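Enquirer: mmCIF, C-alpha atoms, saved as data.cif, coming up:
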data_start
loop_
_atom_site.label_atom_id
_atom_site.label_comp_id
_atom_site.auth_asym_id
_atom_site.auth_seq_id
_atom_site.Cartn_x
_atom_site.Cartn_y
_atom_site.Cartn_z
CA MET A 1 0.00 0.00 0.00
CA ASP A 2 1.27 3.49 -0.81
CA ASP A 3 2.57 5.89 1.83
CA ALA A 4 -0.15 8.49 1.26
CA THR A 5 -2.99 6.06 1.97
CA LEU A 6 -1.24 4.75 5.06
CA VAL A 7 -0.61 8.30 6.27
CA VAL A 8 -4.29 9.26 5.87
CA ARG A 9 -5.40 6.16 7.75
CA ALA A 10 -2.81 6.63 10.48
CA ARG A 11 -3.93 10.22 10.88
CA GLY A 12 -7.40 8.92 11.60
CA GLY A 13 -5.95 6.94 14.51
CA ASP A 14 -5.27 3.65 12.71
CA SER A 15 -2.14 2.45 14.50
CA ARG A 16 -1.85 -0.63 12.26
CA ALA A 17 -1.43 1.55 9.22
CA PHE A 18 1.22 3.48 11.12
CA GLU A 19 3.00 0.27 12.04
CA VAL A 20 3.37 -0.55 8.34
CA LEU A 21 5.13 2.80 7.89
CA VAL A 22 7.37 2.11 10.89
CA ARG A 23 8.40 -1.27 9.49
CA ARG A 24 9.00 0.24 6.07
CA TYR A 25 11.25 3.08 7.20
CA GLN A 26 12.81 2.19 10.53
CA GLY A 27 15.82 0.65 8.76
CA PRO A 28 16.97 3.67 6.74
CA MET A 29 16.29 6.03 9.67
CA TYR A 30 18.20 3.78 12.04
CA ARG A 31 21.21 3.57 9.73
CA LEU A 32 21.23 7.32 9.15
CA ALA A 33 21.16 7.91 12.91
CA LEU A 34 23.74 5.19 13.54
CA HIS A 35 26.24 6.74 11.15
CA MET A 36 25.51 10.23 12.42
CA LEU A 37 25.91 9.34 16.09
CA ALA A 38 28.09 6.23 16.00
CA GLY A 39 26.16 4.61 18.83
CA ARG A 40 23.48 1.96 18.58
CA GLY A 41 21.57 2.94 21.71
CA ASP A 42 21.45 6.61 20.76
CA ALA A 43 20.44 5.74 17.21
CA GLU A 44 17.54 3.59 18.39
CA ASP A 45 16.40 6.30 20.78
CA VAL A 46 16.41 8.81 17.95
CA VAL A 47 14.39 6.52 15.68
CA GLN A 48 11.86 5.87 18.41
CA GLU A 49 11.45 9.57 19.11
CA VAL A 50 11.18 10.43 15.43
CA PHE A 51 8.36 7.96 14.84
CA LEU A 52 6.54 8.94 18.02
CA THR A 53 6.76 12.60 16.99
CA ALA A 54 5.57 11.64 13.51
CA TRP A 55 2.52 9.96 15.03
CA ARG A 56 1.74 13.09 17.06
CA ARG A 57 2.28 15.45 14.14
CA LEU A 58 0.40 13.50 11.48
CA PRO A 59 -2.54 15.90 11.74
CA GLN A 60 -0.23 18.76 10.73
CA LEU A 61 1.44 16.98 7.83
CA ARG A 62 -0.26 18.68 4.89
CA ASP A 63 1.20 16.70 2.03
CA ASP A 64 0.45 13.01 2.51
CA THR A 65 3.14 12.04 0.00
CA ALA A 66 5.84 13.90 1.94
CA PHE A 67 6.09 11.47 4.84
CA LEU A 68 9.49 9.99 3.99
CA GLY A 69 11.01 13.44 3.46
CA TRP A 70 9.62 14.48 6.81
CA LEU A 71 11.22 11.44 8.47
CA TYR A 72 14.63 12.22 6.97
CA ARG A 73 14.39 15.82 8.08
CA ALA A 74 13.33 14.89 11.61
CA THR A 75 16.01 12.23 12.00
CA THR A 76 18.73 14.56 10.70
CA ASN A 77 17.64 17.39 12.99
CA ARG A 78 17.42 15.23 16.05
CA CYS A 79 20.89 13.80 15.45
CA LEU A 80 22.44 17.22 14.89
CA ASN A 81 20.77 18.58 18.02
CA LEU A 82 21.95 15.64 20.06
CA ILE A 83 25.53 16.10 18.85
CA ARG A 84 25.45 19.84 19.53
CA ALA A 85 24.07 19.24 23.00
CA ARG A 86 26.75 16.79 24.04
CA ARG A 87 29.89 18.28 22.52
CA PRO A 88 32.65 17.34 22.95
CA VAL A 89 31.61 13.96 21.67
CA ALA A 90 32.40 10.94 23.76
CA GLU A 91 33.82 8.27 21.47
CA ALA A 92 31.05 5.77 21.02
CA ASP A 93 30.85 2.19 19.87
CA LEU A 94 30.95 2.31 16.12
CA ASP A 95 33.12 -0.81 16.43
CA SER A 96 30.06 -2.74 17.47
CA ARG A 97 29.17 -2.92 13.79
CA GLU A 98 28.62 -6.55 12.97
CA SER A 99 30.62 -7.96 10.11
CA ALA A 100 28.87 -8.74 6.88
CA ASP A 101 29.05 -12.45 6.27
CA ALA A 102 28.28 -12.88 2.62
CA ALA A 103 28.07 -16.58 1.87
CA GLY A 104 30.69 -17.94 -0.52
CA ALA A 105 33.00 -14.94 -0.40
CA PRO A 106 34.42 -14.78 3.10
CA GLU A 107 37.64 -13.07 2.12
CA ARG A 108 35.94 -10.36 0.14
CA ALA A 109 33.30 -9.93 2.81
CA ALA A 110 35.98 -9.48 5.45
CA GLN A 111 37.67 -6.82 3.36
CA VAL A 112 34.42 -4.99 2.72
CA SER A 113 33.73 -5.13 6.43
CA GLU A 114 37.14 -3.65 7.22
CA GLN A 115 36.59 -0.95 4.63
CA LEU A 116 33.21 -0.17 6.19
CA THR A 117 34.87 0.14 9.59
CA ALA A 118 37.51 2.45 8.12
CA LEU A 119 34.79 4.52 6.49
CA GLY A 120 32.94 4.67 9.81
CA GLU A 121 36.08 6.00 11.48
CA ALA A 122 36.58 8.57 8.74
CA LEU A 123 32.95 9.69 9.06
CA LYS A 124 33.54 10.49 12.72
CA ARG A 125 36.23 12.98 11.72
CA LEU A 126 33.86 15.04 9.56
CA THR A 127 31.84 17.85 11.06
CA PRO A 128 28.31 16.71 11.96
CA GLU A 129 26.90 18.93 9.20
CA GLN A 130 29.26 17.50 6.55
CA ARG A 131 28.45 14.02 7.72
CA ALA A 132 24.70 14.64 7.52
CA CYS A 133 24.91 16.08 4.01
CA TRP A 134 27.17 13.33 2.72
CA LEU A 135 25.11 10.50 4.22
CA LEU A 136 21.81 11.93 2.96
CA ARG A 137 23.19 12.34 -0.55
CA GLU A 138 25.56 9.43 -1.12
CA VAL A 139 23.99 6.75 1.07
CA HIS A 140 20.31 7.68 1.12
CA GLY A 141 20.05 9.31 -2.31
CA ARG A 142 18.12 12.40 -1.23
CA SER A 143 17.94 15.50 -3.44
CA TYR A 144 20.07 18.61 -2.80
CA MET A 145 16.88 20.58 -2.24
CA GLU A 146 15.65 18.14 0.37
CA ILE A 147 19.04 18.03 2.11
CA ALA A 148 19.15 21.81 2.22
CA GLY A 149 15.72 21.76 3.88
CA ALA A 150 16.69 19.02 6.31
CA THR A 151 19.89 20.74 7.42
CA GLY A 152 18.55 24.28 7.34
CA THR A 153 20.96 25.67 4.78
CA THR A 154 21.26 26.49 1.07
CA GLN A 155 21.82 24.04 -1.76
CA THR A 156 25.15 25.74 -2.46
CA ALA A 157 26.27 25.12 1.12
CA VAL A 158 25.10 21.51 0.85
CA ARG A 159 27.16 20.96 -2.29
CA GLY A 160 30.17 22.52 -0.55
CA ARG A 161 29.81 20.30 2.48
CA ILE A 162 29.44 17.17 0.39
CA ALA A 163 32.51 18.12 -1.66
CA ARG A 164 34.63 18.61 1.44
CA ALA A 165 33.30 15.43 3.01
CA ARG A 166 34.02 13.47 -0.15
CA ALA A 167 37.57 14.80 -0.36
CA GLN A 168 38.28 13.89 3.23
CA LEU A 169 36.67 10.45 2.99
CA ALA A 170 38.51 9.67 -0.26
CA GLU A 171 41.79 10.49 1.45
CA ALA A 172 40.95 8.09 4.26
CA MET A 173 39.97 5.36 1.82
CA ALA A 174 42.95 5.76 -0.52
CA PRO A 175 45.11 3.15 1.30
CA TRP A 176 42.46 0.53 0.43
CA ARG A 177 42.42 -1.03 -2.97
CA MET B 178 31.69 30.84 0.72
CA GLU B 179 31.93 28.99 -2.56
CA MET B 180 35.58 29.97 -2.92
CA SER B 181 36.47 28.46 0.44
CA ASP B 182 34.45 25.35 -0.43
CA ALA B 183 36.49 24.83 -3.55
CA GLN B 184 39.81 25.62 -1.89
CA GLY B 185 39.10 23.08 0.82
CA CYS B 186 39.18 20.35 -1.83
CA MET B 187 42.05 21.61 -3.99
CA LEU B 188 44.86 19.14 -4.59
CA PRO B 189 48.49 20.35 -4.61
CA CYS B 190 48.52 19.83 -8.40
CA GLY B 191 45.80 22.49 -8.82
CA ARG B 192 42.88 20.17 -9.65
CA ASP B 193 40.07 19.92 -7.19
CA VAL B 194 38.64 16.71 -5.83
CA GLU B 195 35.22 17.38 -7.35
CA THR B 196 36.76 17.44 -10.82
CA VAL B 197 38.46 14.11 -10.17
CA TRP B 198 35.13 12.77 -8.91
CA ALA B 199 33.22 14.07 -11.92
CA ARG B 200 35.75 12.47 -14.29
CA LEU B 201 35.93 9.13 -12.48
CA ASP B 202 34.06 7.25 -15.18
CA ALA B 203 35.93 8.98 -17.99
CA THR B 204 39.33 8.08 -16.54
CA ASP B 205 38.11 4.54 -15.82
CA THR B 206 37.27 4.01 -19.45
CA GLY B 207 40.64 5.18 -20.66
CA SER B 208 39.87 8.75 -21.67
CA ALA B 209 42.16 10.33 -19.09
CA ASP B 210 43.87 13.55 -20.15
CA ALA B 211 47.64 14.01 -20.05
CA HIS B 212 47.59 15.46 -16.56
CA GLU B 213 45.44 12.66 -15.19
CA ASP B 214 47.71 10.03 -16.75
CA THR B 215 50.75 11.19 -14.84
CA CYS B 216 49.65 13.12 -11.75
CA THR B 217 50.14 11.13 -8.54
CA TYR B 218 47.85 13.43 -6.54
CA CYS B 219 45.03 12.83 -8.95
CA SER B 220 45.68 9.12 -9.08
CA THR B 221 45.76 8.69 -5.28
CA THR B 222 42.56 10.69 -4.95
CA ARG B 223 40.97 8.63 -7.70
CA LYS B 224 41.76 5.40 -5.87
CA GLY B 225 40.23 6.74 -2.67
CA LEU B 226 37.11 7.88 -4.50
CA VAL B 227 36.69 4.52 -6.22
CA VAL B 228 36.88 2.67 -2.90
CA LEU B 229 34.56 5.24 -1.31
CA ARG B 230 32.00 4.87 -4.07
CA HIS B 231 32.18 1.10 -3.71
CA VAL B 232 31.87 1.02 0.07
CA ALA B 233 29.31 3.81 0.57
CA GLY B 234 26.43 1.61 -0.54
CA GLY B 235 27.33 -0.79 2.27
CA LEU B 236 26.33 1.83 4.83
CA ALA B 237 22.76 1.60 3.59
CA SER B 238 22.61 -2.18 3.74
CA GLU B 239 20.59 -4.05 6.27
CA GLU B 240 23.31 -6.68 6.85
CA ALA B 241 25.98 -4.20 7.90
CA ALA B 242 23.77 -2.58 10.52
CA PRO B 243 20.63 -4.54 11.27
CA VAL B 244 17.91 -2.88 13.30
CA SER B 245 17.30 -4.56 16.63
CA LEU B 246 14.28 -6.83 16.53
CA GLY B 247 12.44 -5.14 19.35
CA LEU B 248 12.49 -1.63 17.91
CA VAL B 249 9.14 -1.79 16.11
CA ALA B 250 7.49 -3.19 19.23
CA ARG B 251 8.97 -0.42 21.38
CA ILE B 252 7.88 2.28 18.96
CA MET B 253 4.37 0.88 18.62
CA SER B 254 3.87 0.45 22.34
CA ALA B 255 4.82 4.10 22.83
CA VAL B 256 2.44 5.06 20.03
CA ARG B 257 -0.42 3.05 21.54
CA ALA B 258 0.23 4.41 25.04
CA GLU B 259 0.00 7.87 23.51
CA THR B 260 -3.28 6.98 21.86
CA ARG B 261 -4.71 5.85 25.18
CA ARG B 262 -3.49 8.87 27.07
CA HIS B 263 -4.65 11.52 24.70
CA HIS B 264 -7.72 10.13 23.10
CA MET B 265 -10.05 9.00 25.87
CA LEU B 266 -13.34 10.67 26.70
CA THR B 267 -14.96 10.58 30.10
CA LEU B 268 -18.64 9.77 29.97
CA PRO B 269 -21.17 10.98 32.50
CA GLY B 270 -22.44 8.27 34.82
CA PRO B 271 -22.85 7.18 38.41
CA GLU B 272 -19.58 5.18 38.54
CA PRO B 273 -16.89 6.72 40.74
CA GLY B 274 -14.16 8.09 38.48
CA GLY B 275 -16.48 7.97 35.49
CA LEU B 276 -16.54 5.70 32.49
CA ARG B 277 -14.00 6.23 29.71
CA ILE B 278 -14.30 5.49 26.03
CA SER B 279 -11.79 5.92 23.22
CA GLU B 280 -12.39 8.81 20.86
CA GLN B 281 -11.87 6.41 17.99
CA ALA B 282 -14.79 4.28 19.12
CA VAL B 283 -16.96 7.39 19.34
CA ALA B 284 -15.77 8.53 15.91
CA ALA B 285 -16.75 5.17 14.44
CA VAL B 286 -20.31 5.52 15.81
CA LEU B 287 -20.64 9.09 14.49
CA ARG B 288 -19.22 8.20 11.09
CA SER B 289 -21.69 5.40 10.67
CA ALA B 290 -24.56 7.74 11.59
CA ALA B 291 -23.42 10.14 8.87
CA ASP B 292 -22.97 7.26 6.38
CA SER B 293 -26.59 6.29 6.89
CA VAL B 294 -27.70 9.46 5.10
CA ASP B 295 -28.19 8.78 1.39
CA GLY B 296 -25.39 10.17 -0.75
CA VAL B 297 -23.04 10.92 2.15
CA ARG B 298 -19.73 9.31 3.17
CA ALA B 299 -18.02 10.39 6.35
CA ARG B 300 -14.28 10.84 6.17
CA ARG B 301 -12.26 12.49 8.91
CA CYS B 302 -13.92 12.71 12.30
CA ARG B 303 -12.21 14.50 15.15
CA ILE B 304 -13.65 14.61 18.62
CA ALA B 305 -12.51 16.82 21.47
CA ALA B 306 -13.68 16.83 25.05
CA THR B 307 -14.90 20.13 26.47
CA GLU B 308 -14.67 21.37 30.06
CA THR B 309 -18.03 19.78 30.78
CA VAL B 310 -18.24 16.01 31.19
CA GLY B 311 -20.65 14.62 28.64
CA GLU B 312 -20.06 17.38 26.11
CA VAL B 313 -17.90 17.04 23.03
CA GLU B 314 -16.88 19.08 20.04
CA VAL B 315 -16.98 17.26 16.74
CA GLU B 316 -15.38 18.10 13.41
CA MET B 317 -16.36 15.88 10.54
CA SER B 318 -15.56 16.04 6.86
CA LEU B 319 -17.84 14.52 4.25
CA ALA B 320 -17.74 13.36 0.69
CA VAL B 321 -21.11 13.63 -1.04
CA ALA B 322 -22.58 12.05 -4.17
CA TYR B 323 -22.91 14.98 -6.54
CA ARG B 324 -25.94 13.57 -8.40
CA ARG B 325 -28.00 13.13 -5.27
CA PHE B 326 -26.66 15.80 -2.99
CA SER B 327 -29.03 18.33 -1.48
CA ALA B 328 -28.57 20.93 1.23
CA ASP B 329 -31.07 18.96 3.29
CA ALA B 330 -28.61 16.09 3.44
CA VAL B 331 -26.22 18.13 5.60
CA HIS B 332 -29.05 18.96 7.99
CA GLU B 333 -29.95 15.28 8.05
CA VAL B 334 -26.32 14.37 8.86
CA ARG B 335 -26.30 16.91 11.66
CA GLU B 336 -29.45 15.44 13.21
CA ARG B 337 -28.42 11.82 12.92
CA VAL B 338 -24.90 12.44 14.27
CA ALA B 339 -26.28 14.34 17.27
CA ALA B 340 -28.90 11.63 17.86
CA ALA B 341 -26.31 8.84 17.67
CA ALA B 342 -23.97 10.70 20.03
CA ALA B 343 -26.74 11.00 22.60
CA ALA B 344 -28.39 7.60 22.18
CA ARG B 345 -25.47 5.31 21.42
CA VAL B 346 -22.59 7.00 23.28
CA GLY B 347 -24.20 9.24 25.88
CA VAL B 348 -22.57 12.54 24.94
CA THR B 349 -23.92 15.79 23.54
CA PRO B 350 -22.13 17.57 20.72
CA ALA B 351 -21.74 21.14 21.99
CA ARG B 352 -20.34 21.93 18.56
CA LEU B 353 -20.67 19.98 15.35
CA ASP B 354 -18.69 21.29 12.38
CA LEU B 355 -19.45 19.61 9.09
CA THR B 356 -17.32 20.24 6.01
CA VAL B 357 -18.08 18.92 2.56
CA GLU B 358 -14.59 18.36 1.20
CA ASP B 359 -15.17 16.13 -1.79
CA LEU B 360 -17.69 14.84 -4.30
CA TYR B 361 -18.12 11.33 -5.57
CA ASP B 362 -19.95 9.89 -8.51
CA ALA B 363 -22.56 7.31 -7.48
#
Just dump the structure as structure tokens.
Expert:
Amino acid sequence: MDDATLVVRARGGDSRAFEVLVRRYQGPMYRLALHMLAGRGDAEDVVQEVFLTAWRRLPQLRDDTAFLGWLYRATTNRCLNLIRARRPVAEADLDSRESADAAGAPERAAQVSEQLTALGEALKRLTPEQRACWLLREVHGRSYMEIAGATGTTQTAVRGRIARARAQLAEAMAPWR
Amino acid sequence: MEMSDAQGCMLPCGRDVETVWARLDATDTGSADAHEDTCTYCSTTRKGLVVLRHVAGGLASEEAAPVSLGLVARIMSAVRAETRRHHMLTLPGPEPGGLRISEQAVAAVLRSAADSVDGVRARRCRIAATETVGEVEVEMSLAVAYRRFSADAVHEVRERVAAAAAARVGVTPARLDLTVEDLYDA
């Protein structure tokens, strides 16, 4: 069933319709929060709060097709606020990332896993704003316009942040082949 | 602003990282220019970008960072608790502490009363308690059949909704706002 229909039903108090939306989008929101915050517990808390807020604000969501964009914006904002509130950042457990175990290609899987860990470490060294812009664009495929809205800045600034993030991440990944 | 953005990504050879990124496919397929063929800065950056492009998708994958199994349940129990807390009406009655009913249950009764009028379909129905126990404010939107619709139908809806609220739920609508928001063909 399409998002818009589920949103209209959920707005009317249908929690089952809302649960379908939660199941559909908890994964991407969780992974965005996880890579923003580098902590599983924090990431899950953010996702829970985002969906609970979504449930409360459904009556105010004017465009029923804009639900996913709203989720990305809310998740990004909540992560950035959390990071700003707790600076300087305590190093969290990004290492708790479980290794991918692709059947039949253990060696390659191990290397990809190590590369992912290296990328995770490099992500931590970006500014939170660069990290948000880069993740939204390169991992979640959101538009520049949407990212500008989600991070409260201009599209030009978004492009600049992504460029700087990409340069820094590429430098960190260069030792890998 | 844009100047400093570009300078932040400038390689010592004078090319910027975005240019290397934009030309990644071109250089891959053998159409590198003379500079790109020989420049070590460009080539190191290119290698990093290729790995980055390859690995970035992994960050989105379920396997690399699975969501904990209980998350949906936790979210939904918070959502349902919220529903209970904010959407209960107290009914008048002799019981100490009063009798409570969910607004959704009341909305279902009122919608069906409106649906019983020929050529009318109830859509959104919002119910709010007032200061007085036993009084509610109701907002309801309707879709009406344009071939059969008459102004009387809205009056009829008003009467039936008020009657159902009193007889089947035990509350009086202190306010009943009806909005015709759509037409249907039937």
Enquirer: Run the PyMOL selection byres ((chain A and resi 128) around 9) mentally over the shown coordinates, then write out the matched residues as a list of chain:residue names, using the chain letters and numbers from the document.
Expert: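 Selection result, ordered by chain and number: A:Met36, A:Leu37, A:Cys79, A:Leu80, A:Ile83, A:Arg84, A:Leu123, A:Lys124, A:Arg125, A:Leu126, A:Thr127, A:Glu129, A:Gln130, A:Arg131, A:Ala132, A:Cys133.
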Enquirer: Quick one: of B:Thr206, B:Thr356, B:Thr196, B:Ser293, who's nearest to Leu319 of chain B, counting all atoms listed in the file?
Expert: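 Selected residue with least distance to Leu319 of chain B: B:Thr356.
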Enquirer: I need the residue nearest Gly141 of chain A from this list: A:Gly69, A:Pro59, A:Gly13, A:Gly41. Use only C-alpha atoms for the distance.
Expert: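 Checking each candidate against Gly141 of chain A, we get A:Gly69 as the closest.
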Enquirer: Taking 3 positions as the minimum chain separation for residues in the same chain, which residues sit within 8 Å of Asp362 of chain B when counting all atoms listed in the file? Answer as a tab-separated table (two decimals) with C-alpha atoms, in the coordinates of the input.
Expert:
chain	number	residue	atom	x	y	z
B	322	ALA	CA	-22.58	12.05	-4.17
B	323	TYR	CA	-22.91	14.98	-6.54
B	324	ARG	CA	-25.94	13.57	-8.40
Enquirer: Evaluate the PyMOL selection byres ((chain A and resi 139) around 9) here and jot the selected residues down as a list in words.
Expert: Leu32, Trp134, Leu135, Leu136, Arg137, Glu138, His140, Gly141 and Arg142 of chain A; Ala233, Gly234, Gly235, Leu236 and Ala237 of chain B
Enquirer: What residues come out when you apply the PyMOL selection byres ((chain A and resi 15-27) around 8) to this file, written as a list in words?
Expert: Asp3, Leu6, Val7, Arg9, Ala10, Gly13, Asp14, Pro28, Met29, Tyr30, Arg31, Val47, Phe51, Trp55 and Leu68 of chain A; Glu239, Pro243, Val244, Val249, Met253, Val256 and Arg257 of chain B
Enquirer: Could you check how far atom CA of Arg161 of chain A sits from atom CA of Ala203 of chain B, in Å to one decimal?
Expert: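 Separation between atom CA of Arg161 of chain A and atom CA of Ala203 of chain B: 24.2 Å.
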Enquirer: State, in Å with one decimal place, the distance from atom CA of Ala74 of chain A to atom CA of Glu280 of chain B.
Expert: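 Atom-to-atom, atom CA of Ala74 of chain A to atom CA of Glu280 of chain B, that is 28.0 Å.
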Enquirer: Can you check which residues of chain B have any atom within 8 Å of chain A? Use all atoms listed in the file and format it as number ranges by chain.
Expert: B: 178-179, 182-183, 185-186, 194-195, 221-226, 228-229, 232-237, 239-244, 248-249, 251-253, 255-257, 260, 281, 301-302
Enquirer: Need the shell around Arg345 of chain B: protein/DNA/RNA residues with any atom at most 10 Å away, counting only C-alpha atoms. Skip same-chain ones fewer than 3 positions apart. Format as an MDAnalysis selection string?
Expert: chainID B and resid 283 286:287 339:342 348
Enquirer: For segment 30-47 of chain A, I'd like the enclosing box, axis-aligned and padded by 5 Å on every side, reported as lines of an AutoDock Vina configuration file with centre and edge lengths in Å to one decimal.
Expert:
center_x = 21.2
center_y = 6.1
center_z = 15.4
size_x = 23.7
size_y = 18.3
size_z = 22.6
Enquirer: What's the separation between atom CA of Glu259 of chain B and atom CA of Ser279 of chain B, in Å to one decimal place?
Expert: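 Computing the Euclidean distance for atom CA of Glu259 of chain B and atom CA of Ser279 of chain B yields 12.0 Å.
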Enquirer: I want to know what sits within 10 Å of Glu316 of chain B, based on all atoms listed in the file, with residues of the same chain fewer than 6 positions away left out; could you give that as a PyMOL selection string?
Expert: chain B and resi 284+301-305+350+352-356
Enquirer: Applying 12 Å and all atoms listed in the file, which residues near Glu308 of chain B remain after dropping the ones on its own chain fewer than 6 positions away? List them as a ChimeraX atom specification.
Expert: /B:266-267,314,351
Enquirer: Skipping near chain neighbours, those fewer than 2 positions away, what residues fall within 9 Å of Ala330 of chain B using only C-alpha atoms, listed as a CSV table (one decimal) with C-alpha atoms, in the frame of the given file?
Expert:
chain,number,residue,atom,x,y,z
B,294,VAL,CA,-27.7,9.5,5.1
B,295,ASP,CA,-28.2,8.8,1.4
B,296,GLY,CA,-25.4,10.2,-0.8
B,297,VAL,CA,-23.0,10.9,2.2
B,326,PHE,CA,-26.7,15.8,-3.0
B,327,SER,CA,-29.0,18.3,-1.5
B,328,ALA,CA,-28.6,20.9,1.2
B,332,HIS,CA,-29.0,19.0,8.0
B,333,GLU,CA,-30.0,15.3,8.0
B,334,VAL,CA,-26.3,14.4,8.9
B,335,ARG,CA,-26.3,16.9,11.7
Enquirer: All heavy atoms are what I want for segment 9-15 of chain A; can you complete it accordingly and write them as a PDB file, keeping the file's coordinate frame?
Expert:
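Output file rebuild-v8.pdb is given in full below:
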ATOM      1  N   ARG A   9      -4.782   7.073   6.776  1.00  0.00           N
ATOM      2  CA  ARG A   9      -5.400   6.160   7.750  1.00  0.00           C
ATOM      3  C   ARG A   9      -4.794   6.335   9.136  1.00  0.00           C
ATOM      4  O   ARG A   9      -5.513   6.316  10.136  1.00  0.00           O
ATOM      5  CB  ARG A   9      -5.192   4.715   7.313  1.00  0.00           C
ATOM      6  CG  ARG A   9      -6.036   4.388   6.108  1.00  0.00           C
ATOM      7  CD  ARG A   9      -5.944   2.928   5.794  1.00  0.00           C
ATOM      8  NE  ARG A   9      -6.667   2.646   4.567  1.00  0.00           N
ATOM      9  CZ  ARG A   9      -6.935   1.431   4.134  1.00  0.00           C
ATOM     10  NH1 ARG A   9      -6.537   0.385   4.834  1.00  0.00           N
ATOM     11  NH2 ARG A   9      -7.594   1.258   3.019  1.00  0.00           N
ATOM     12  N   ALA A  10      -3.478   6.466   9.189  1.00  0.00           N
ATOM     13  CA  ALA A  10      -2.810   6.630  10.480  1.00  0.00           C
ATOM     14  C   ALA A  10      -3.278   7.919  11.148  1.00  0.00           C
ATOM     15  O   ALA A  10      -3.482   7.972  12.356  1.00  0.00           O
ATOM     16  CB  ALA A  10      -1.297   6.635  10.304  1.00  0.00           C
ATOM     17  N   ARG A  11      -3.462   8.942  10.343  1.00  0.00           N
ATOM     18  CA  ARG A  11      -3.930  10.220  10.880  1.00  0.00           C
ATOM     19  C   ARG A  11      -5.284  10.065  11.554  1.00  0.00           C
ATOM     20  O   ARG A  11      -5.587  10.700  12.547  1.00  0.00           O
ATOM     21  CB  ARG A  11      -3.999  11.257   9.769  1.00  0.00           C
ATOM     22  CG  ARG A  11      -4.378  12.630  10.267  1.00  0.00           C
ATOM     23  CD  ARG A  11      -4.495  13.601   9.125  1.00  0.00           C
ATOM     24  NE  ARG A  11      -3.203  13.834   8.506  1.00  0.00           N
ATOM     25  CZ  ARG A  11      -3.008  13.873   7.200  1.00  0.00           C
ATOM     26  NH1 ARG A  11      -4.005  13.700   6.363  1.00  0.00           N
ATOM     27  NH2 ARG A  11      -1.810  14.088   6.723  1.00  0.00           N
ATOM     28  N   GLY A  12      -6.095   9.179  11.011  1.00  0.00           N
ATOM     29  CA  GLY A  12      -7.400   8.920  11.600  1.00  0.00           C
ATOM     30  C   GLY A  12      -7.327   8.042  12.841  1.00  0.00           C
ATOM     31  O   GLY A  12      -8.354   7.650  13.373  1.00  0.00           O
ATOM     32  N   GLY A  13      -6.110   7.709  13.276  1.00  0.00           N
ATOM     33  CA  GLY A  13      -5.950   6.940  14.510  1.00  0.00           C
ATOM     34  C   GLY A  13      -5.704   5.456  14.284  1.00  0.00           C
ATOM     35  O   GLY A  13      -5.673   4.680  15.226  1.00  0.00           O
ATOM     36  N   ASP A  14      -5.492   5.059  13.023  1.00  0.00           N
ATOM     37  CA  ASP A  14      -5.270   3.650  12.710  1.00  0.00           C
ATOM     38  C   ASP A  14      -3.802   3.296  12.971  1.00  0.00           C
ATOM     39  O   ASP A  14      -2.926   3.542  12.141  1.00  0.00           O
ATOM     40  CB  ASP A  14      -5.642   3.423  11.238  1.00  0.00           C
ATOM     41  CG  ASP A  14      -5.508   1.967  10.826  1.00  0.00           C
ATOM     42  OD1 ASP A  14      -4.895   1.182  11.574  1.00  0.00           O
ATOM     43  OD2 ASP A  14      -6.020   1.628   9.750  1.00  0.00           O
ATOM     44  N   SER A  15      -3.547   2.706  14.143  1.00  0.00           N
ATOM     45  CA  SER A  15      -2.140   2.450  14.500  1.00  0.00           C
ATOM     46  C   SER A  15      -1.544   1.308  13.672  1.00  0.00           C
ATOM     47  O   SER A  15      -0.332   1.221  13.506  1.00  0.00           O
ATOM     48  CB  SER A  15      -2.007   2.170  15.994  1.00  0.00           C
ATOM     49  OG  SER A  15      -2.782   1.060  16.360  1.00  0.00           O
TER      50      SER A  15
END
